[in-house]
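Peer 1: Sharing data.csv, CSV, C-alpha atoms:
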chain,number,residue,atom,x,y,z
A,1,MET,CA,0.0,0.0,0.0
A,2,THR,CA,1.4,3.4,-1.0
A,3,GLU,CA,1.8,5.8,1.8
A,4,ARG,CA,0.0,9.1,1.2
A,5,THR,CA,2.2,12.1,0.8
A,6,VAL,CA,1.5,14.9,3.3
A,7,ASP,CA,2.1,18.3,1.9
A,8,THR,CA,3.6,21.0,4.1
A,9,VAL,CA,1.6,24.1,3.1
A,10,ARG,CA,2.5,27.7,4.0
A,11,PHE,CA,-0.8,29.6,4.4
A,12,HIS,CA,-0.4,33.3,4.0
A,13,PHE,CA,-3.2,35.3,5.7
A,14,ASP,CA,-4.4,38.7,6.6
A,15,PRO,CA,-6.9,38.7,9.5
A,16,LEU,CA,-9.0,41.4,7.7
A,17,CYS,CA,-10.2,39.0,5.0
A,18,PRO,CA,-13.4,36.9,5.6
A,19,TRP,CA,-12.7,34.8,2.5
A,20,CYS,CA,-9.2,34.0,3.8
A,21,TYR,CA,-10.7,33.1,7.2
A,22,GLN,CA,-13.2,30.7,5.6
A,23,THR,CA,-10.4,29.1,3.6
A,24,SER,CA,-8.3,28.8,6.8
A,25,ARG,CA,-11.1,26.8,8.5
A,26,TRP,CA,-10.9,24.4,5.6
A,27,ALA,CA,-7.1,24.2,5.9
A,28,LEU,CA,-7.3,23.5,9.6
A,29,THR,CA,-9.8,20.6,8.9
A,30,LEU,CA,-7.2,19.3,6.4
A,31,GLU,CA,-4.5,19.4,9.1
A,32,GLN,CA,-6.7,17.7,11.6
A,33,ALA,CA,-7.5,15.0,9.0
A,34,GLY,CA,-3.7,14.5,8.5
A,35,ALA,CA,-3.8,15.6,4.9
A,36,VAL,CA,-1.4,18.6,5.3
A,37,ARG,CA,1.0,20.2,7.7
A,38,LEU,CA,0.3,23.9,8.0
A,39,THR,CA,2.9,26.6,8.5
A,40,TRP,CA,1.7,30.2,8.7
A,41,GLY,CA,2.8,33.3,6.7
A,42,VAL,CA,1.5,36.8,6.8
A,43,PHE,CA,0.4,39.3,4.2
A,44,SER,CA,-0.9,42.8,4.5
A,45,LEU,CA,-3.8,43.8,2.3
A,46,GLU,CA,-3.5,47.4,3.7
A,47,ARG,CA,0.1,47.7,2.6
A,48,ASN,CA,-0.6,46.0,-0.7
A,49,ASN,CA,-3.6,48.2,-1.6
A,50,PHE,CA,-2.2,51.5,-0.2
A,51,PRO,CA,-2.5,54.2,-2.9
A,52,ALA,CA,0.9,55.2,-4.3
A,53,ASP,CA,-0.1,58.8,-4.4
A,54,LYS,CA,-0.9,58.9,-0.7
A,55,GLY,CA,2.8,59.0,0.4
A,56,PRO,CA,4.5,56.3,2.4
A,57,PHE,CA,2.5,53.5,4.1
A,58,ASP,CA,2.3,54.0,7.9
A,59,PRO,CA,1.9,50.6,9.7
A,60,ALA,CA,0.9,52.5,12.9
A,61,ARG,CA,-2.4,53.5,11.2
A,62,ALA,CA,-3.1,50.0,9.8
A,63,ARG,CA,-5.9,48.1,11.5
A,64,ALA,CA,-4.5,44.6,11.1
A,65,PHE,CA,-0.8,45.2,12.1
A,66,PRO,CA,-1.2,44.6,15.8
A,67,ALA,CA,-2.7,41.2,15.1
A,68,LEU,CA,-0.1,40.4,12.4
A,69,ARG,CA,2.7,41.3,14.8
A,70,VAL,CA,1.3,39.1,17.5
A,71,ALA,CA,0.9,36.3,14.9
A,72,VAL,CA,4.6,36.4,13.9
A,73,ALA,CA,5.8,36.7,17.5
A,74,LEU,CA,3.8,33.6,18.4
A,75,ARG,CA,4.9,31.6,15.3
A,76,ASP,CA,8.6,32.4,15.7
A,77,GLU,CA,8.7,32.0,19.5
A,78,ALA,CA,5.9,29.6,20.5
A,79,GLY,CA,5.4,27.6,17.3
A,80,GLN,CA,3.1,27.2,14.3
A,81,ALA,CA,0.3,25.7,16.3
A,82,ALA,CA,0.1,28.8,18.6
A,83,CYS,CA,0.0,31.1,15.6
A,84,GLY,CA,-2.7,29.1,14.0
A,85,ALA,CA,-4.8,29.0,17.2
A,86,PHE,CA,-4.5,32.7,17.5
A,87,TYR,CA,-5.5,33.4,13.9
A,88,GLU,CA,-8.5,31.0,14.4
A,89,ALA,CA,-9.5,32.8,17.6
A,90,ILE,CA,-9.2,36.4,16.3
A,91,GLY,CA,-11.2,35.3,13.2
A,92,GLU,CA,-13.9,33.9,15.4
A,93,ARG,CA,-14.1,37.2,17.3
A,94,TYR,CA,-13.9,39.5,14.2
A,95,PHE,CA,-16.1,37.5,11.8
A,96,GLN,CA,-18.5,35.7,14.1
A,97,ARG,CA,-18.9,38.1,17.0
A,98,GLU,CA,-18.2,41.3,14.9
A,99,GLN,CA,-15.7,42.7,17.4
A,100,GLU,CA,-13.2,45.3,16.2
A,101,LEU,CA,-9.9,43.8,15.0
A,102,SER,CA,-7.8,46.7,16.1
A,103,ASP,CA,-9.1,46.8,19.7
A,104,SER,CA,-6.5,45.6,22.1
A,105,ALA,CA,-9.1,44.0,24.4
A,106,VAL,CA,-10.3,41.9,21.5
A,107,LEU,CA,-6.7,40.8,20.7
A,108,THR,CA,-6.0,39.8,24.3
A,109,GLY,CA,-9.3,38.1,24.5
A,110,ALA,CA,-8.4,36.1,21.4
A,111,LEU,CA,-5.1,35.1,23.0
A,112,SER,CA,-7.0,33.8,26.0
A,113,ASP,CA,-9.5,32.0,23.8
A,114,ALA,CA,-6.5,30.2,22.1
A,115,GLY,CA,-5.1,29.2,25.5
A,116,LEU,CA,-2.3,31.8,25.2
A,117,ASP,CA,-1.0,34.4,27.6
A,118,PRO,CA,-2.6,37.8,26.9
A,119,ALA,CA,0.8,39.4,27.6
A,120,TRP,CA,1.8,38.3,24.1
A,121,LEU,CA,0.1,41.5,22.7
A,122,GLU,CA,2.2,43.9,24.6
A,123,ARG,CA,5.3,41.8,24.0
A,124,ALA,CA,4.7,41.8,20.3
A,125,VAL,CA,3.8,45.4,19.7
A,126,SER,CA,6.6,46.7,21.8
A,127,ASP,CA,9.2,44.8,19.9
A,128,PRO,CA,10.4,46.5,16.7
A,129,ALA,CA,11.5,43.2,15.3
A,130,THR,CA,7.9,42.0,14.9
A,131,LEU,CA,7.1,45.0,12.7
A,132,GLU,CA,10.2,44.3,10.6
A,133,THR,CA,9.2,40.7,10.2
A,134,VAL,CA,5.7,41.5,9.0
A,135,LEU,CA,6.9,44.1,6.5
A,136,ALA,CA,9.8,41.9,5.2
A,137,GLU,CA,7.6,38.8,4.9
A,138,HIS,CA,4.9,40.7,3.0
A,139,ASP,CA,7.5,42.1,0.6
A,140,GLU,CA,9.2,38.7,0.1
A,141,VAL,CA,6.0,36.9,-0.9
A,142,VAL,CA,5.1,39.7,-3.3
A,143,ALA,CA,8.5,39.8,-4.9
A,144,ALA,CA,8.9,36.0,-5.1
A,145,THR,CA,5.4,35.0,-6.3
A,146,LYS,CA,3.7,38.2,-7.4
A,147,ALA,CA,1.1,37.6,-4.6
A,148,PHE,CA,-1.7,40.2,-4.6
A,149,GLY,CA,-4.1,38.9,-2.0
A,150,VAL,CA,-5.2,36.2,0.4
A,151,PRO,CA,-5.7,33.3,0.9
A,152,PHE,CA,-2.3,32.6,-0.7
A,153,LEU,CA,-0.8,29.1,-0.5
A,154,ARG,CA,2.8,27.9,-1.0
A,155,LEU,CA,3.6,24.2,-1.2
A,156,ASP,CA,6.8,22.6,0.3
A,157,ASP,CA,6.7,25.0,3.2
A,158,GLY,CA,7.1,28.0,0.9
A,159,ALA,CA,9.7,26.5,-1.5
A,160,GLY,CA,7.3,25.0,-4.0
A,161,PRO,CA,4.5,26.2,-6.3
A,162,SER,CA,2.1,28.9,-5.0
A,163,ILE,CA,-1.4,30.0,-5.8
A,164,PHE,CA,-3.9,32.6,-4.8
A,165,GLY,CA,-6.8,30.7,-3.3
A,166,PRO,CA,-8.8,28.6,-3.3
A,167,VAL,CA,-11.3,31.2,-2.3
A,168,ILE,CA,-13.9,29.2,-0.3
A,169,SER,CA,-17.3,30.7,0.6
A,170,ASN,CA,-18.0,28.2,3.3
A,171,PRO,CA,-15.7,25.3,4.4
A,172,PRO,CA,-17.0,21.7,3.8
A,173,ASP,CA,-18.6,20.1,6.8
A,174,ASP,CA,-17.4,16.7,6.0
A,175,PRO,CA,-13.6,16.1,6.4
A,176,ALA,CA,-13.7,13.7,3.5
A,177,ASP,CA,-15.1,16.5,1.3
A,178,ALA,CA,-12.3,18.8,2.5
A,179,VAL,CA,-9.6,16.3,1.7
A,180,GLU,CA,-11.1,15.6,-1.8
A,181,LEU,CA,-11.1,19.4,-2.5
A,182,TRP,CA,-7.4,19.5,-1.4
A,183,THR,CA,-6.5,16.6,-3.7
A,184,HIS,CA,-7.7,18.6,-6.7
A,185,VAL,CA,-6.2,21.9,-5.5
A,186,ALA,CA,-2.8,20.4,-4.9
A,187,TRP,CA,-2.8,18.6,-8.3
A,188,LEU,CA,-3.5,22.0,-10.0
A,189,MET,CA,-0.8,23.7,-8.0
A,190,ARG,CA,1.8,21.2,-9.1
A,191,ASN,CA,0.7,21.3,-12.8
A,192,GLU,CA,3.2,23.7,-14.3
A,193,GLN,CA,0.8,24.5,-17.2
A,194,PHE,CA,-2.0,25.6,-14.9
A,195,ASN,CA,-2.3,29.4,-14.5
A,196,GLU,CA,-5.8,30.5,-13.5
A,197,LEU,CA,-9.4,29.3,-12.9
A,198,LYS,CA,-12.1,31.6,-11.7
A,199,ARG,CA,-15.9,31.8,-11.7
A,200,GLY,CA,-17.7,34.7,-13.3
A,201,GLU,CA,-19.5,35.4,-10.0
A,202,ARG,CA,-19.5,34.3,-6.4
A,203,ALA,CA,-22.8,32.5,-6.1
A,204,HIS,CA,-22.4,31.7,-2.4
A,205,GLN,CA,-21.4,34.2,0.2
A,206,PRO,CA,-19.6,33.5,3.5
A,207,ASP,CA,-22.0,32.4,6.3
A,208,LEU,CA,-20.6,34.9,8.7
A,209,PRO,CA,-22.3,37.7,10.8
A,210,TYR,CA,-19.6,40.1,9.8
A,211,TRP,CA,-20.3,39.5,6.1
A,212,ARG,CA,-24.0,39.9,6.4
A,213,THR,CA,-23.5,43.2,8.2
A,214,PHE,CA,-21.0,44.3,5.5
A,215,LEU,CA,-23.4,43.4,2.7
A,216,ALA,CA,-26.3,45.2,4.4
A,217,LYS,CA,-24.2,48.4,4.7
A,218,TRP,CA,-22.9,48.1,1.1
A,219,GLN,CA,-26.4,47.6,-0.3
A,220,ARG,CA,-27.9,50.7,1.3
Please render this file's structure as structure tokens.

Peer 2:
Amino acid sequence: MTERTVDTVRFHFDPLCPWCYQTSRWALTLEQAGAVRLTWGVFSLERNNFPADKGPFDPARARAFPALRVAVALRDEAGQAACGAFYEAIGERYFQREQELSDSAVLTGALSDAGLDPAWLERAVSDPATLETVLAEHDEVVAATKAFGVPFLRLDDGAGPSIFGPVISNPPDDPADAVELWTHVAWLMRNEQFNELKRGERAHQPDLPYWRTFLAKWQR
């Protein structure tokens, strides 16, 4: 019997993106099913989308940077699992409970939810190295892969093929369905002739309180 290969997948995220959060829930299911090993990378939509004519980007005014700085501090000092648990917890608070991402009480609460010391927030935001890491990591993935958004996956722990997506509206309930989807995604990623696949419209929306509130405001 041939042993199944387990991919080590670097998952680049920005905690601002609901689609990325939904895809991360699928990825965590894959990891729990033993289909992948996850490592976590960061990406800044605010930095990437900052208008060139507005002067230099100021991380101090970016909503997601405190969370991103905590994430890299956890990853580099406490391990990948701690980073993933924090991202899952902050996503639950932001997208499910509609709490403000930039609120320090929300971030410390997410740390507690993940079983982590709330002091990680002060430790991360007071350390200039975490800011340097977030900026450098964002710039590296953009330069190396032309990444423009999240979710963004890189195989072989960042050394292999990469892809924007998959953009998942709602993660599969059945782990078997999650693994089947991964089988197809991984095959496409490793096919050197594959470049792009996209629907004309997003027929299904994320089943998240945050997203329903966002749509209601946008449709006014």

Peer 1: Using all atoms listed in the file, find the one residue out of A:Val70, A:Pro206, A:Phe57, A:Ala33 that sits nearest to Thr133 of chain A.

Peer 2: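 Answer, going by the shortest atom-to-atom distance: A:Val70.
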
Peer 1: Find the residues around Ser44 of chain A up to 10 Å (all atoms listed in the file counted), leave out those fewer than 5 positions away in its own chain, and share them as a PyMOL selection string.

Peer 2: chain A and resi 12-16+49-50+59+62+64-65+68+134-135+137-139+148-150

Peer 1: Can you write just those residues out, C-alpha atoms, as a PDB file, in the coordinates of the input?

Peer 2:
ATOM      1  CA  HIS A  12      -0.400  33.300   4.000  1.00  0.00           C
ATOM      2  CA  PHE A  13      -3.200  35.300   5.700  1.00  0.00           C
ATOM      3  CA  ASP A  14      -4.400  38.700   6.600  1.00  0.00           C
ATOM      4  CA  PRO A  15      -6.900  38.700   9.500  1.00  0.00           C
ATOM      5  CA  LEU A  16      -9.000  41.400   7.700  1.00  0.00           C
ATOM      6  CA  ASN A  49      -3.600  48.200  -1.600  1.00  0.00           C
ATOM      7  CA  PHE A  50      -2.200  51.500  -0.200  1.00  0.00           C
ATOM      8  CA  PRO A  59       1.900  50.600   9.700  1.00  0.00           C
ATOM      9  CA  ALA A  62      -3.100  50.000   9.800  1.00  0.00           C
ATOM     10  CA  ALA A  64      -4.500  44.600  11.100  1.00  0.00           C
ATOM     11  CA  PHE A  65      -0.800  45.200  12.100  1.00  0.00           C
ATOM     12  CA  LEU A  68      -0.100  40.400  12.400  1.00  0.00           C
ATOM     13  CA  VAL A 134       5.700  41.500   9.000  1.00  0.00           C
ATOM     14  CA  LEU A 135       6.900  44.100   6.500  1.00  0.00           C
ATOM     15  CA  GLU A 137       7.600  38.800   4.900  1.00  0.00           C
ATOM     16  CA  HIS A 138       4.900  40.700   3.000  1.00  0.00           C
ATOM     17  CA  ASP A 139       7.500  42.100   0.600  1.00  0.00           C
ATOM     18  CA  PHE A 148      -1.700  40.200  -4.600  1.00  0.00           C
ATOM     19  CA  GLY A 149      -4.100  38.900  -2.000  1.00  0.00           C
ATOM     20  CA  VAL A 150      -5.200  36.200   0.400  1.00  0.00           C
TER      21      VAL A 150
END

Peer 1: With only C-alpha atoms counted and 12 Å as the cut-off, give the residues of segment 19-89 of chain A in contact with segment 211-220 of chain A, each with its shortest interatomic distance in Å and the pair that gives it, as a Markdown table.

Peer 2:
| residue | atom | partner | partner_atom | distance |
| --- | --- | --- | --- | --- |
| A:Trp19 | CA | A:Trp211 | CA | 9.6 |
| A:Tyr21 | CA | A:Trp211 | CA | 11.6 |
| A:Gln22 | CA | A:Trp211 | CA | 11.3 |

Peer 1: Would you mind reading off the distance between atom CA of Cys83 of chain A and atom CA of Glu140 of chain A, one decimal, in Å?

Peer 2: 19.6 Å

Peer 1: What is the atom CA of Cys20 of chain A-atom CA of Glu92 of chain A distance in Å, reported with one decimal?

Peer 2: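 Atom-to-atom, atom CA of Cys20 of chain A to atom CA of Glu92 of chain A, that is 12.5 Å.
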
Peer 1: Go ahead and compute the interatomic distance for atom CA of Leu38 of chain A and atom CA of Trp120 of chain A, in Å to one decimal.

Peer 2: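 Between atom CA of Leu38 of chain A and atom CA of Trp120 of chain A the gap is 21.7 Å.
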
Peer 1: N, CA and C atoms are what I want for segment 12-26 of chain A; can you complete it accordingly and write them as a PDB file, in the coordinates of the input?

Peer 2:
ATOM      1  N   HIS A  12      -0.516  31.902   3.765  1.00  0.00           N
ATOM      2  CA  HIS A  12      -0.400  33.300   4.000  1.00  0.00           C
ATOM      3  C   HIS A  12      -1.744  33.952   4.248  1.00  0.00           C
ATOM      4  N   PHE A  13      -1.861  34.711   5.322  1.00  0.00           N
ATOM      5  CA  PHE A  13      -3.200  35.300   5.700  1.00  0.00           C
ATOM      6  C   PHE A  13      -3.059  36.724   6.091  1.00  0.00           C
ATOM      7  N   ASP A  14      -4.210  37.391   5.983  1.00  0.00           N
ATOM      8  CA  ASP A  14      -4.400  38.700   6.600  1.00  0.00           C
ATOM      9  C   ASP A  14      -5.720  38.574   7.371  1.00  0.00           C
ATOM     10  N   PRO A  15      -5.725  38.883   8.673  1.00  0.00           N
ATOM     11  CA  PRO A  15      -6.900  38.700   9.500  1.00  0.00           C
ATOM     12  C   PRO A  15      -8.098  39.576   9.089  1.00  0.00           C
ATOM     13  N   LEU A  16      -7.902  40.512   8.167  1.00  0.00           N
ATOM     14  CA  LEU A  16      -9.000  41.400   7.700  1.00  0.00           C
ATOM     15  C   LEU A  16      -9.926  40.674   6.722  1.00  0.00           C
ATOM     16  N   CYS A  17      -9.493  39.604   6.086  1.00  0.00           N
ATOM     17  CA  CYS A  17     -10.200  39.000   5.000  1.00  0.00           C
ATOM     18  C   CYS A  17     -11.139  37.892   5.369  1.00  0.00           C
ATOM     19  N   PRO A  18     -12.468  38.034   5.189  1.00  0.00           N
ATOM     20  CA  PRO A  18     -13.400  36.900   5.600  1.00  0.00           C
ATOM     21  C   PRO A  18     -13.219  35.715   4.686  1.00  0.00           C
ATOM     22  N   TRP A  19     -12.900  35.899   3.411  1.00  0.00           N
ATOM     23  CA  TRP A  19     -12.700  34.800   2.500  1.00  0.00           C
ATOM     24  C   TRP A  19     -11.480  33.955   2.946  1.00  0.00           C
ATOM     25  N   CYS A  20     -10.445  34.648   3.364  1.00  0.00           N
ATOM     26  CA  CYS A  20      -9.200  34.000   3.800  1.00  0.00           C
ATOM     27  C   CYS A  20      -9.545  33.203   5.122  1.00  0.00           C
ATOM     28  N   TYR A  21     -10.328  33.789   6.000  1.00  0.00           N
ATOM     29  CA  TYR A  21     -10.700  33.100   7.200  1.00  0.00           C
ATOM     30  C   TYR A  21     -11.470  31.819   6.923  1.00  0.00           C
ATOM     31  N   GLN A  22     -12.429  31.881   5.990  1.00  0.00           N
ATOM     32  CA  GLN A  22     -13.200  30.700   5.600  1.00  0.00           C
ATOM     33  C   GLN A  22     -12.268  29.612   5.045  1.00  0.00           C
ATOM     34  N   THR A  23     -11.334  30.034   4.208  1.00  0.00           N
ATOM     35  CA  THR A  23     -10.400  29.100   3.600  1.00  0.00           C
ATOM     36  C   THR A  23      -9.484  28.482   4.704  1.00  0.00           C
ATOM     37  N   SER A  24      -9.125  29.287   5.702  1.00  0.00           N
ATOM     38  CA  SER A  24      -8.300  28.800   6.800  1.00  0.00           C
ATOM     39  C   SER A  24      -8.992  27.723   7.600  1.00  0.00           C
ATOM     40  N   ARG A  25     -10.296  27.841   7.728  1.00  0.00           N
ATOM     41  CA  ARG A  25     -11.100  26.800   8.500  1.00  0.00           C
ATOM     42  C   ARG A  25     -11.018  25.494   7.710  1.00  0.00           C
ATOM     43  N   TRP A  26     -11.077  25.568   6.399  1.00  0.00           N
ATOM     44  CA  TRP A  26     -10.900  24.400   5.600  1.00  0.00           C
ATOM     45  C   TRP A  26      -9.496  23.797   5.764  1.00  0.00           C
TER      46      TRP A  26
END
